[in-house]
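Visitor: Just coords-v8.cif, nothing more (mmCIF, C-alpha atoms):
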```
data_start
#
loop_
_atom_site.label_atom_id
_atom_site.label_comp_id
_atom_site.auth_asym_id
_atom_site.auth_seq_id
_atom_site.Cartn_x
_atom_site.Cartn_y
_atom_site.Cartn_z
CA VAL A 41 -47.19 -36.70 -13.33
CA LYS A 42 -46.10 -35.72 -9.83
CA GLN A 43 -43.45 -36.35 -7.18
CA TYR A 44 -40.63 -37.88 -9.19
CA LYS A 45 -36.88 -37.42 -8.97
CA ILE A 46 -35.00 -38.26 -12.17
CA ILE A 47 -31.20 -38.21 -12.34
CA GLY A 48 -29.25 -38.61 -15.57
CA ILE A 49 -31.85 -37.61 -18.16
CA GLY A 50 -30.29 -36.91 -21.55
CA SER A 51 -29.44 -38.46 -24.88
CA ASP A 52 -26.39 -39.97 -26.56
CA ALA A 53 -27.48 -38.53 -29.91
CA ASP A 54 -29.49 -35.66 -31.39
CA SER A 55 -33.22 -36.33 -31.45
CA THR A 56 -34.92 -36.24 -34.84
CA GLU A 57 -38.23 -35.25 -33.22
CA LYS A 58 -39.66 -31.75 -33.61
CA ASN A 59 -40.41 -31.36 -29.90
CA VAL A 60 -37.80 -32.77 -27.55
CA GLY A 61 -37.96 -33.23 -23.78
CA LEU A 62 -39.10 -35.64 -21.10
CA PHE A 63 -42.46 -34.99 -22.79
CA GLY A 64 -42.48 -33.86 -26.41
CA VAL A 65 -45.74 -31.95 -25.86
CA ILE A 66 -47.72 -31.47 -22.65
CA GLY A 67 -51.34 -31.03 -23.75
CA GLU A 68 -53.85 -28.49 -22.47
CA SER A 69 -55.16 -30.89 -19.82
CA GLY A 70 -51.69 -32.20 -18.92
CA GLN A 71 -50.18 -31.49 -15.50
CA VAL A 72 -46.62 -32.08 -14.31
CA ARG A 73 -45.96 -31.38 -10.63
CA HIS A 74 -43.16 -31.95 -8.11
CA VAL A 75 -40.64 -33.34 -10.58
CA ASP A 76 -36.92 -32.95 -9.84
CA LEU A 77 -34.66 -33.56 -12.85
CA GLN A 78 -30.90 -33.55 -13.23
CA THR A 79 -29.28 -33.86 -16.65
CA LYS A 80 -26.01 -35.71 -17.06
CA LYS A 81 -26.03 -35.92 -20.85
CA PRO A 82 -26.76 -33.23 -23.48
CA ILE A 83 -30.33 -32.87 -24.77
CA SER A 84 -30.23 -31.75 -28.38
CA ALA A 85 -32.08 -31.90 -31.67
CA SER A 86 -31.17 -32.28 -35.33
CA ALA A 87 -34.64 -31.80 -36.86
CA ALA A 88 -35.30 -28.39 -38.42
CA ASP A 89 -37.65 -26.09 -36.49
CA SER A 90 -37.48 -28.11 -33.30
CA ASN A 91 -38.26 -27.00 -29.76
CA VAL A 92 -36.17 -28.33 -26.90
CA GLY A 93 -36.73 -28.34 -23.13
CA VAL A 94 -35.83 -30.67 -20.29
CA LEU A 95 -39.47 -31.17 -19.27
CA ALA A 96 -41.20 -30.45 -22.59
CA GLY A 97 -40.58 -29.31 -26.13
CA ILE A 98 -43.94 -27.51 -25.94
CA ASN A 99 -46.05 -26.94 -22.82
CA ASP A 100 -49.76 -26.23 -23.35
CA GLY A 101 -50.74 -27.41 -19.87
CA LEU A 102 -49.43 -26.92 -16.32
CA ILE A 103 -45.91 -27.34 -14.96
CA GLU A 104 -45.42 -26.45 -11.31
CA HIS A 105 -43.23 -27.10 -8.27
CA CYS A 106 -40.45 -28.53 -10.45
CA THR A 107 -36.67 -28.31 -10.36
CA VAL A 108 -34.24 -28.71 -13.25
CA ARG A 109 -30.47 -28.94 -12.75
CA LEU A 110 -28.65 -28.67 -16.04
CA GLY A 111 -25.42 -30.63 -15.83
CA LYS A 112 -24.97 -30.79 -19.61
CA SER A 113 -25.90 -28.46 -22.46
CA LEU A 114 -29.39 -28.14 -23.91
CA GLY A 115 -30.66 -27.27 -27.39
CA ALA A 116 -28.33 -27.09 -30.36
CA VAL A 117 -25.09 -28.58 -29.08
CA ASP A 118 -21.83 -28.20 -31.01
CA LYS A 119 -23.48 -27.62 -34.37
CA THR A 120 -21.18 -26.76 -37.28
CA GLY A 121 -23.39 -27.30 -40.32
CA ASP A 122 -27.07 -26.43 -40.79
CA GLN A 123 -27.86 -23.72 -38.26
CA SER A 124 -31.60 -23.68 -38.99
CA VAL A 125 -32.22 -26.33 -36.33
CA VAL A 126 -33.71 -25.60 -32.90
CA ASN A 127 -36.18 -22.74 -32.95
CA ASN A 128 -36.63 -22.44 -29.20
CA ALA A 129 -34.71 -23.82 -26.23
CA GLY A 130 -35.46 -23.46 -22.51
CA ALA A 131 -34.55 -25.42 -19.42
CA ILE A 132 -38.22 -26.10 -18.63
CA ALA A 133 -39.84 -25.90 -22.09
CA GLY A 134 -38.87 -24.81 -25.58
CA ILE A 135 -42.24 -23.07 -25.94
CA ASN A 136 -44.69 -22.31 -23.14
CA ASN A 137 -48.31 -21.67 -24.10
CA GLY A 138 -49.68 -22.85 -20.74
CA THR A 139 -48.62 -22.14 -17.16
CA ILE A 140 -45.22 -22.64 -15.56
CA ASN A 141 -45.39 -21.95 -11.82
CA ASP A 142 -42.87 -22.23 -8.98
CA VAL A 143 -39.92 -23.71 -10.86
CA THR A 144 -36.21 -23.58 -10.14
CA VAL A 145 -33.48 -23.89 -12.77
CA THR A 146 -29.77 -24.23 -12.08
CA ILE A 147 -27.41 -24.01 -15.06
CA GLY A 148 -24.12 -25.72 -14.27
CA THR A 149 -20.56 -24.63 -14.90
CA ASN A 150 -19.63 -24.69 -18.62
CA VAL A 151 -23.24 -25.55 -19.54
CA SER A 152 -25.14 -23.80 -22.35
CA ILE A 153 -28.76 -23.36 -23.43
CA MET A 154 -28.59 -22.74 -27.19
CA ALA A 155 -31.11 -22.00 -29.95
CA TYR A 156 -29.54 -21.48 -33.36
CA PHE A 157 -32.64 -20.17 -35.11
CA ALA A 158 -34.79 -18.14 -32.74
CA SER A 159 -35.07 -17.90 -28.94
CA ALA A 160 -33.29 -19.19 -25.84
CA GLY A 161 -34.32 -18.64 -22.22
CA GLY A 162 -33.57 -19.96 -18.77
CA VAL A 163 -37.18 -21.19 -18.36
CA ALA A 164 -38.63 -21.10 -21.90
CA GLY A 165 -37.26 -20.12 -25.27
CA MET A 166 -40.62 -18.52 -26.07
CA ASN A 167 -43.45 -17.66 -23.69
CA GLY A 168 -46.38 -17.68 -26.12
CA ILE A 169 -49.65 -15.75 -26.28
CA GLY A 170 -51.57 -16.64 -23.13
CA GLY A 171 -48.49 -18.26 -21.61
CA VAL A 172 -47.81 -17.61 -17.92
CA ILE A 173 -44.48 -17.91 -16.12
CA LYS A 174 -44.60 -17.06 -12.42
CA ASP A 175 -42.43 -17.65 -9.38
CA ALA A 176 -39.56 -18.90 -11.53
CA SER A 177 -35.95 -18.77 -10.38
CA VAL A 178 -32.99 -19.25 -12.74
CA GLU A 179 -29.37 -19.30 -11.61
CA GLY A 180 -26.57 -19.34 -14.17
CA GLY A 181 -23.28 -20.73 -12.94
CA VAL A 182 -19.70 -19.74 -13.67
CA THR A 183 -19.04 -19.82 -17.45
CA SER A 184 -22.62 -20.93 -18.15
CA LYS A 185 -24.24 -19.48 -21.29
CA ILE A 186 -27.72 -18.79 -22.67
CA ILE A 187 -27.40 -18.15 -26.41
CA GLY A 188 -30.17 -17.35 -28.91
CA ARG A 189 -29.78 -16.26 -32.50
CA TYR A 190 -32.47 -13.59 -32.28
CA TYR A 191 -33.84 -13.36 -28.73
CA THR A 192 -32.14 -14.30 -25.47
CA GLY A 193 -33.46 -13.88 -21.92
CA GLY A 194 -32.72 -15.12 -18.44
CA ILE A 195 -36.35 -16.26 -18.08
CA ALA A 196 -37.67 -16.29 -21.69
CA GLY A 197 -36.05 -15.39 -24.97
CA ILE A 198 -39.24 -13.74 -26.21
CA ASN A 199 -42.39 -13.01 -24.21
CA PHE A 200 -45.88 -12.78 -25.72
CA GLY A 201 -47.59 -13.67 -22.43
CA THR A 202 -47.09 -12.86 -18.73
CA ILE A 203 -43.99 -13.21 -16.56
CA SER A 204 -44.31 -12.39 -12.85
CA ALA A 205 -42.41 -12.75 -9.59
CA SER A 206 -39.44 -14.35 -11.34
CA ASP A 207 -35.71 -13.97 -10.75
CA PHE A 208 -32.59 -14.47 -12.85
CA THR A 209 -29.11 -14.58 -11.34
CA LEU A 210 -25.97 -14.80 -13.48
CA ALA A 211 -22.68 -15.61 -11.79
CA ALA A 212 -19.38 -13.95 -12.63
CA GLY A 213 -18.08 -15.49 -15.84
CA GLY A 214 -21.57 -16.39 -17.09
CA THR A 215 -22.86 -15.06 -20.42
CA LEU A 216 -26.25 -14.11 -21.86
CA GLN A 217 -25.80 -13.36 -25.54
CA GLY A 218 -26.97 -13.41 -29.13
CA LEU A 219 -25.39 -16.13 -31.23
CA VAL A 220 -21.82 -15.38 -32.26
CA GLY A 221 -21.49 -14.77 -36.00
CA TYR A 222 -24.94 -13.24 -36.49
CA ASN A 223 -25.67 -9.52 -36.28
CA TYR A 224 -29.35 -8.81 -36.96
CA PRO A 225 -30.88 -5.38 -36.29
CA ASP A 226 -33.65 -6.96 -34.24
CA GLN A 227 -31.43 -9.17 -32.14
CA CYS A 228 -32.38 -8.66 -28.48
CA THR A 229 -30.84 -9.70 -25.17
CA GLY A 230 -32.32 -9.04 -21.71
CA GLY A 231 -32.22 -10.26 -18.13
CA ILE A 232 -35.88 -11.36 -17.96
CA PRO A 233 -36.95 -11.53 -21.64
CA GLY A 234 -34.86 -10.64 -24.65
CA TRP A 235 -37.97 -9.06 -26.19
CA ASN A 236 -41.22 -8.31 -24.35
CA LEU A 237 -44.57 -7.93 -26.10
CA ASP A 238 -46.90 -8.23 -23.11
CA THR A 239 -46.62 -8.19 -19.29
CA ILE A 240 -43.80 -8.50 -16.76
CA THR A 241 -44.34 -7.77 -13.05
CA THR A 242 -42.22 -7.93 -9.88
CA SER A 243 -39.25 -9.72 -11.41
CA ASN A 244 -35.55 -9.24 -10.62
CA VAL A 245 -32.12 -9.66 -12.19
CA ALA A 246 -28.83 -10.05 -10.33
CA ASN A 247 -25.99 -9.94 -12.84
CA SER A 248 -22.30 -10.54 -12.26
CA GLY A 249 -21.69 -11.87 -15.77
CA ARG A 250 -22.05 -10.46 -19.30
CA PHE A 251 -25.09 -9.44 -21.35
CA ILE A 252 -24.20 -9.25 -25.06
CA ALA A 253 -26.69 -8.31 -27.79
CA SER A 254 -24.46 -9.52 -30.61
CA GLU A 255 -20.93 -10.25 -31.64
#
```
Please lay out the structure from this file as structure tokens.
Guide:
Amino acid sequence: VKQYKIIGIGSDADSTEKNVGLFGVIGESGQVRHVDLQTKKPISASAADSNVGVLAGINDGLIEHCTVRLGKSLGAVDKTGDQSVVNNAGAIAGINNGTINDVTVTIGTNVSIMAYFASAGGVAGMNGIGGVIKDASVEGGVTSKIIGRYYTGGIAGINFGTISASDFTLAAGGTLQGLVGYNYPDQCTGGIPGWNLDTITTSNVANSGRFIASE
């Protein structure tokens, strides 16, 4: 898929699928290029252990030269009951096991990326083993939030792969935090990843908002 502009992507109701996005799963040979998406409705999931992203629930292939503008919240939205839903949430992909290159994410005012069970990130909730995120730019707007129960990062909530040449900017009033109401010893919050288990190079954070490990 390449050279598309999509305005208004979103859902009126929680998806019952495990992997939620424009594509549930992008396979190893799959390629998505030059796609510009703007959300005008929330994208959320009600199935346990789900992965949510605007472009893909899980990316095993290639995503590059893409832009996502979050106008509504992503992941677990306004949940009050079972908080085991949504393992990983990211504006590009819930989980990245492939390559994400040259992407731009803008998180709008009063918009949240939320993962009640595990990891939330501006690009991917989890960057998996062998996953590559490079030349990614994430900008969080006024009162925007990225919230993960365990791991929260401006680029990826948890990183098992490689992140390079990527930038995260959080405006005044924005928040990067662990999920309110949970206080786990291993809860981690960071500007690039919340928790890093592999490689990060030449990446930057510009923060005017709040980083909170737990409340």
Visitor: For the structure shown, which residues end up in the PyMOL selection byres ((chain A and resi 105) around 6)? Put them as a PDB file with C-alpha atoms, keeping the file's coordinate frame, please?
Guide:
```pdb
ATOM      1  CA  ARG A  73     -45.960 -31.380 -10.630  1.00  0.00           C
ATOM      2  CA  HIS A  74     -43.160 -31.950  -8.110  1.00  0.00           C
ATOM      3  CA  GLU A 104     -45.420 -26.450 -11.310  1.00  0.00           C
ATOM      4  CA  CYS A 106     -40.450 -28.530 -10.450  1.00  0.00           C
ATOM      5  CA  ASP A 142     -42.870 -22.230  -8.980  1.00  0.00           C
ATOM      6  CA  VAL A 143     -39.920 -23.710 -10.860  1.00  0.00           C
TER       7      VAL A 143
END
```
Visitor: Could you tell me how far CA of Asn141 (chain A) lies from CA of Gly201 (chain A), in Å and to one decimal?
Guide: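 That distance, rounded to one decimal, is 13.6 Å.
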Visitor: For each of A:Leu102, A:Ala211, A:Leu95, A:Ile203, take the minimum atom-to-atom distance to Thr149 (chain A), counting only C-alpha atoms, then give the residue where this is smallest.
Guide: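 Closest to Thr149 (chain A) of all the choices is A:Ala211.
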Visitor: Pull out every residue that the PyMOL selection byres ((chain A and resi 174-184) around 9) matches in the shown coordinates and put them as a PyMOL selection string.
Guide: chain A and resi 139-153+162-163+172-173+185-186+194-195+202-216+243+249
Visitor: Written as a list in words, what is the full residue list that the PyMOL selection byres ((chain A and resi 130) around 6) yields on the file shown?
Guide: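 Output of the PyMOL selection byres ((chain A and resi 130) around 6): Gly93, Ala129, Ala131, Ile132, Ala133, Gly134, Ala160, Gly161, Gly162, Val163, Ala164 and Gly165 of chain A.
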Visitor: Name the closest residue to Ala85 (chain A) among the candidates A:Tyr156, A:Arg109, A:Ile46, A:Asn137; distances are taken between atoms, counting all atoms listed in the file.
Guide: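 With all atoms listed in the file as the atom set, the closest residue is A:Tyr156.
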Visitor: Box in all listed atoms of region 127-136 of chain A, axis-aligned, with 4 Å more on each side; write out centre and edge lengths in Å to one decimal as AutoDock Vina command-line options.
Guide:
```
--center_x -39.6 --center_y -24.2 --center_z -25.8 --size_x 18.1 --size_y 11.8 --size_z 22.3
```
Visitor: Check the smallest atom-to-atom distance from each of A:Asn59, A:Ser84, A:Ser159, A:Thr192 to Asn99 (chain A) using only C-alpha atoms, then report the winner.
Guide: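 Of the candidates, the smallest distance to Asn99 (chain A) is held by A:Asn59.
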